[in-house]
Amino acid sequence: MASLLESGWLYIITHFSEFQLATFGTFILHESFFFLSGLVSVFFERTGLFSKYKIQVLSKEKKLNTPDVHRRCIVRLIMYHVCVNLPVIIFSYPAFRYMGLKSSLPLPPWTVILSQIVLYFILEDFVFYWGHRLLHTKLLYKHIHSVHHEYATPFGLTSEYAHPAEILFLGFATFIGPALTGPHLFTLWLWMILRVLETVEAHCGYDLPWSPSNFLPLYGGAEFHDYHHRVLYTKSGNYSSTFIYMDWLFGTDKDYRKLKAIED
């Protein structure tokens with residue numbers, strides 16, 4: 001398996017420059033995983049598949065997104081990704097090179113890859129929590145974060161639907177870990193894929209039986225984050241991106257837990 005993976009990586013790095021892979025390769029990989037995973041919940045909403053697991057139907061709010069809402073979100077996302085995300089990726093390449101990004105063989109051992117990704121998740125969640133709380137202050141919410149909250153009933157693609165300033169601001173949380181460790185490009189790609197899948201799942205609007213939140217004690221997931229979208233921004237809480245312990249430590253999940261207790 002390792003030799004096959006390294007053979008594939010050798011093919012990639014001999015046919016494309018590191019700049020091409022780290023910029024356009026990263027962008028294409030992100031778009032592929034984001035839209036393919038994000039469109040799943042759109043398909044669920046349009047077909048009614050797994051409707052019994054729809055969170056806001058279960059909570060009797062019965063808010064469903066229309067095809068026009070889906071289309072508007074997709075068009076805006078493409079515009080944001082091409083006009084904001086891609087330039088940021090391109091212009092940040094020299095900084096990542098300076099901090100130790102590499103793409104050569106051999107690939108890092110799996111122990112290194114996994115330990116770095118665990119570190120990235122912990123750092124990202126910590127930084128995201130405080131940045132997200134800051135965006136819920138009156139001024140920043142009104143002028144920036146309210147764009148993301150246009151969708152009170154989120155679906156997978158709304159995970160990256162945000163004001164360009166928020167994309168830059170909270171994007172820092174995603175890349176602070178890799179910037180500190182100077183990872184291999186393979187590790188960076190794997191981290192990006194896992195982070196995309198995590199945030200899409202958290203916004204999917206479905207509490208599915210196979211959600212990681214049903215197996216991992218500290219994982220937030222869709223049910224945890226959906227509450228954040230469906231209440232007033234001054235009372236929402238649940239600011240963490242991946243885990244739940246930051247909200248628990250700082251008491252920003254109290255209203256959510258009270259509601260859960262009543263529902264149970």
# chains A, B, ... in the order shown; residues from 1 in each chain; ligands from 1
>>> residues_around(residues="A:His228", least_positions_apart="2", cutoff="9 Å", atoms="only C-alpha atoms", output="ChimeraX atom specification")
/A:152,224-226,230-233,235-239,256
>>> closest_atom_pairs(of="stretch 162-252 of chain A", to="stretch 62-78 of chain A", cutoff="12 Å", atoms="only C-alpha atoms", output="tab-separated table")
residue	atom	partner	partner_atom	distance
A:Ala162	CA	A:Leu77	CA	8.5
A:His163	CA	A:Arg76	CA	10.2
A:Pro164	CA	A:Leu77	CA	10.5
A:Ile167	CA	A:Leu77	CA	11.2
A:Cys204	CA	A:Asn65	CA	11.9
A:Gly205	CA	A:Leu64	CA	10.0
A:Tyr206	CA	A:Leu64	CA	11.9
A:Arg230	CA	A:Lys63	CA	10.0
>>> write_last_selection(atoms="N, CA and C atoms", output="PDB file, in the first residue's frame")
ATOM      1  N   ALA A 162     -19.967  32.458   3.293  1.00  0.00           N
ATOM      2  CA  ALA A 162     -19.624  33.478   4.279  1.00  0.00           C
ATOM      3  C   ALA A 162     -19.108  34.735   3.595  1.00  0.00           C
ATOM      4  N   HIS A 163     -19.073  35.808   4.343  1.00  0.00           N
ATOM      5  CA  HIS A 163     -18.507  37.071   3.873  1.00  0.00           C
ATOM      6  C   HIS A 163     -17.010  36.852   3.580  1.00  0.00           C
ATOM      7  N   PRO A 164     -16.477  37.463   2.516  1.00  0.00           N
ATOM      8  CA  PRO A 164     -15.051  37.294   2.220  1.00  0.00           C
ATOM      9  C   PRO A 164     -14.134  37.598   3.401  1.00  0.00           C
ATOM     10  N   ILE A 167     -14.078  34.583   5.559  1.00  0.00           N
ATOM     11  CA  ILE A 167     -13.288  33.521   4.940  1.00  0.00           C
ATOM     12  C   ILE A 167     -11.814  33.700   5.298  1.00  0.00           C
ATOM     13  N   CYS A 204     -24.776  19.854   7.583  1.00  0.00           N
ATOM     14  CA  CYS A 204     -25.636  19.104   6.651  1.00  0.00           C
ATOM     15  C   CYS A 204     -27.109  19.152   7.018  1.00  0.00           C
ATOM     16  N   GLY A 205     -27.427  19.393   8.300  1.00  0.00           N
ATOM     17  CA  GLY A 205     -28.825  19.478   8.712  1.00  0.00           C
ATOM     18  C   GLY A 205     -29.471  18.147   9.023  1.00  0.00           C
ATOM     19  N   TYR A 206     -28.676  17.083   9.029  1.00  0.00           N
ATOM     20  CA  TYR A 206     -29.192  15.745   9.291  1.00  0.00           C
ATOM     21  C   TYR A 206     -28.403  15.082  10.419  1.00  0.00           C
ATOM     22  N   ARG A 230     -30.118  28.037  14.323  1.00  0.00           N
ATOM     23  CA  ARG A 230     -31.562  28.242  14.356  1.00  0.00           C
ATOM     24  C   ARG A 230     -32.051  29.135  15.495  1.00  0.00           C
TER      25      ARG A 230
END
>>> closest_residue(among="A:Val42, A:Leu170, A:Val118, A:Leu185", to="A:Pro154", atoms="only C-alpha atoms")
A:Val42
>>> residues_around(residues="A:Ile12", least_positions_apart="2", cutoff="12 Å", atoms="only C-alpha atoms", output="list in words")
Leu5, Glu6, Ser7, Gly8, Trp9, Leu10, Thr14, His15, Phe16, Ser17, Glu18, Gln20, Leu21, Ala22, Gly25, Ser103, Ser104, Leu105, Leu185 and Phe186 of chain A
>>> residues_around(residues="stretch 241-250 of chain A", least_positions_apart="5", cutoff="9 Å", atoms="only C-alpha atoms", output="PyMOL selection string")
chain A and resi 121-122+124-126+128-129+132+195+198-199+202+217-221+224-225
>>> atom_distance(atom1="atom CA of A:Leu49", atom2="atom CA of A:Phe215")
22.8 Å
>>> residues_around(residues="A:Phe27", least_positions_apart="5", cutoff="9 Å", atoms="only C-alpha atoms", output="list in words")
Leu21, Ala22, Ser32, His81, Asn85, Leu86 and Ile89 of chain A
>>> select_by_dssp(residues="stretch 81-222 of chain A", states="alpha helix (DSSP H)", output="NGL selection string")
:A and (86-98 or 110-135 or 138-143 or 164-181 or 185-202 or 221-222)
>>> closest_residue(among="A:Leu259, A:Ala173, A:Leu4, A:Leu216", to="A:Val127", atoms="only C-alpha atoms")
A:Ala173
>>> residues_around(residues="A:Trp110", least_positions_apart="6", cutoff="12 Å", atoms="only C-alpha atoms", output="list in words")
Ala2, Gln116, Ile117, His184, Phe186, Thr187 and Leu190 of chain A
>>> write_last_selection(atoms="all heavy atoms", output="short mmCIF file (atom, residue, chain, number, x, y, z; two decimals), in the first residue's frame")
data_model
loop_
_atom_site.label_atom_id
_atom_site.label_comp_id
_atom_site.auth_asym_id
_atom_site.auth_seq_id
_atom_site.Cartn_x
_atom_site.Cartn_y
_atom_site.Cartn_z
N ALA A 2 1.91 1.26 0.87
CA ALA A 2 2.79 2.41 0.96
C ALA A 2 3.55 2.64 -0.33
O ALA A 2 3.69 3.77 -0.80
CB ALA A 2 3.76 2.23 2.13
N GLN A 116 0.24 14.99 13.50
CA GLN A 116 0.10 16.38 13.05
C GLN A 116 -1.35 16.74 12.81
O GLN A 116 -1.80 17.83 13.19
CB GLN A 116 0.92 16.60 11.78
CG GLN A 116 2.42 16.67 12.02
CD GLN A 116 3.20 17.02 10.77
OE1 GLN A 116 2.73 16.84 9.65
NE2 GLN A 116 4.41 17.52 10.95
N ILE A 117 -2.12 15.84 12.22
CA ILE A 117 -3.53 16.13 11.95
C ILE A 117 -4.33 16.27 13.24
O ILE A 117 -5.20 17.14 13.35
CB ILE A 117 -4.12 15.05 11.02
CG1 ILE A 117 -3.55 15.24 9.60
CG2 ILE A 117 -5.65 15.14 10.99
CD1 ILE A 117 -4.01 14.22 8.60
N HIS A 184 4.37 18.21 5.19
CA HIS A 184 4.47 17.70 3.83
C HIS A 184 3.15 18.04 3.13
O HIS A 184 2.09 18.09 3.76
CB HIS A 184 4.69 16.19 3.86
CG HIS A 184 5.16 15.63 2.55
ND1 HIS A 184 4.29 15.38 1.51
CD2 HIS A 184 6.40 15.29 2.10
CE1 HIS A 184 4.97 14.89 0.49
NE2 HIS A 184 6.25 14.84 0.81
N PHE A 186 1.39 16.26 1.25
CA PHE A 186 0.44 15.15 1.40
C PHE A 186 -0.34 15.29 2.70
O PHE A 186 -1.56 15.10 2.72
CB PHE A 186 1.20 13.82 1.38
CG PHE A 186 0.31 12.62 1.56
CD1 PHE A 186 -0.40 12.09 0.49
CD2 PHE A 186 0.17 12.01 2.81
CE1 PHE A 186 -1.23 10.99 0.65
CE2 PHE A 186 -0.65 10.91 2.98
CZ PHE A 186 -1.35 10.40 1.89
N THR A 187 0.34 15.64 3.79
CA THR A 187 -0.33 15.84 5.08
C THR A 187 -1.29 17.02 5.01
O THR A 187 -2.40 16.96 5.53
CB THR A 187 0.72 16.08 6.18
OG1 THR A 187 1.69 15.04 6.17
CG2 THR A 187 0.06 16.16 7.55
N LEU A 190 -4.40 15.97 3.15
CA LEU A 190 -5.24 15.08 3.96
C LEU A 190 -5.97 15.88 5.04
O LEU A 190 -7.16 15.65 5.29
CB LEU A 190 -4.39 13.98 4.59
CG LEU A 190 -5.14 12.90 5.38
CD1 LEU A 190 -6.20 12.22 4.53
CD2 LEU A 190 -4.16 11.87 5.94
#
>>> residues_around(residues="A:His148", least_positions_apart="2", cutoff="8 Å", atoms="only C-alpha atoms", output="ChimeraX atom specification")
/A:145-146,150-151,158,160-163
>>> write_last_selection(atoms="C-alpha atoms", output="CSV table (one decimal), in the first residue's frame")
chain,number,residue,atom,x,y,z
A,145,HIS,CA,-21.0,37.1,10.1
A,146,SER,CA,-24.7,37.6,9.3
A,150,GLU,CA,-28.6,33.9,6.2
A,151,TYR,CA,-29.4,30.1,6.3
A,158,THR,CA,-23.6,26.6,3.6
A,160,GLU,CA,-18.4,27.8,3.4
A,161,TYR,CA,-21.0,30.4,2.6
A,162,ALA,CA,-19.6,33.5,4.3
A,163,HIS,CA,-18.5,37.1,3.9
>>> closest_residue(among="A:Arg46, A:Lys52, A:His143, A:Lys260", to="A:Glu223", atoms="only C-alpha atoms")
A:Lys260
>>> atom_distance(atom1="atom CA of A:Leu140", atom2="atom CA of A:Val196")
24.4 Å
>>> closest_residue(among="A:Ala179, A:Tyr53, A:Ser115, A:Arg97", to="A:Ser211", atoms="only C-alpha atoms")
A:Tyr53
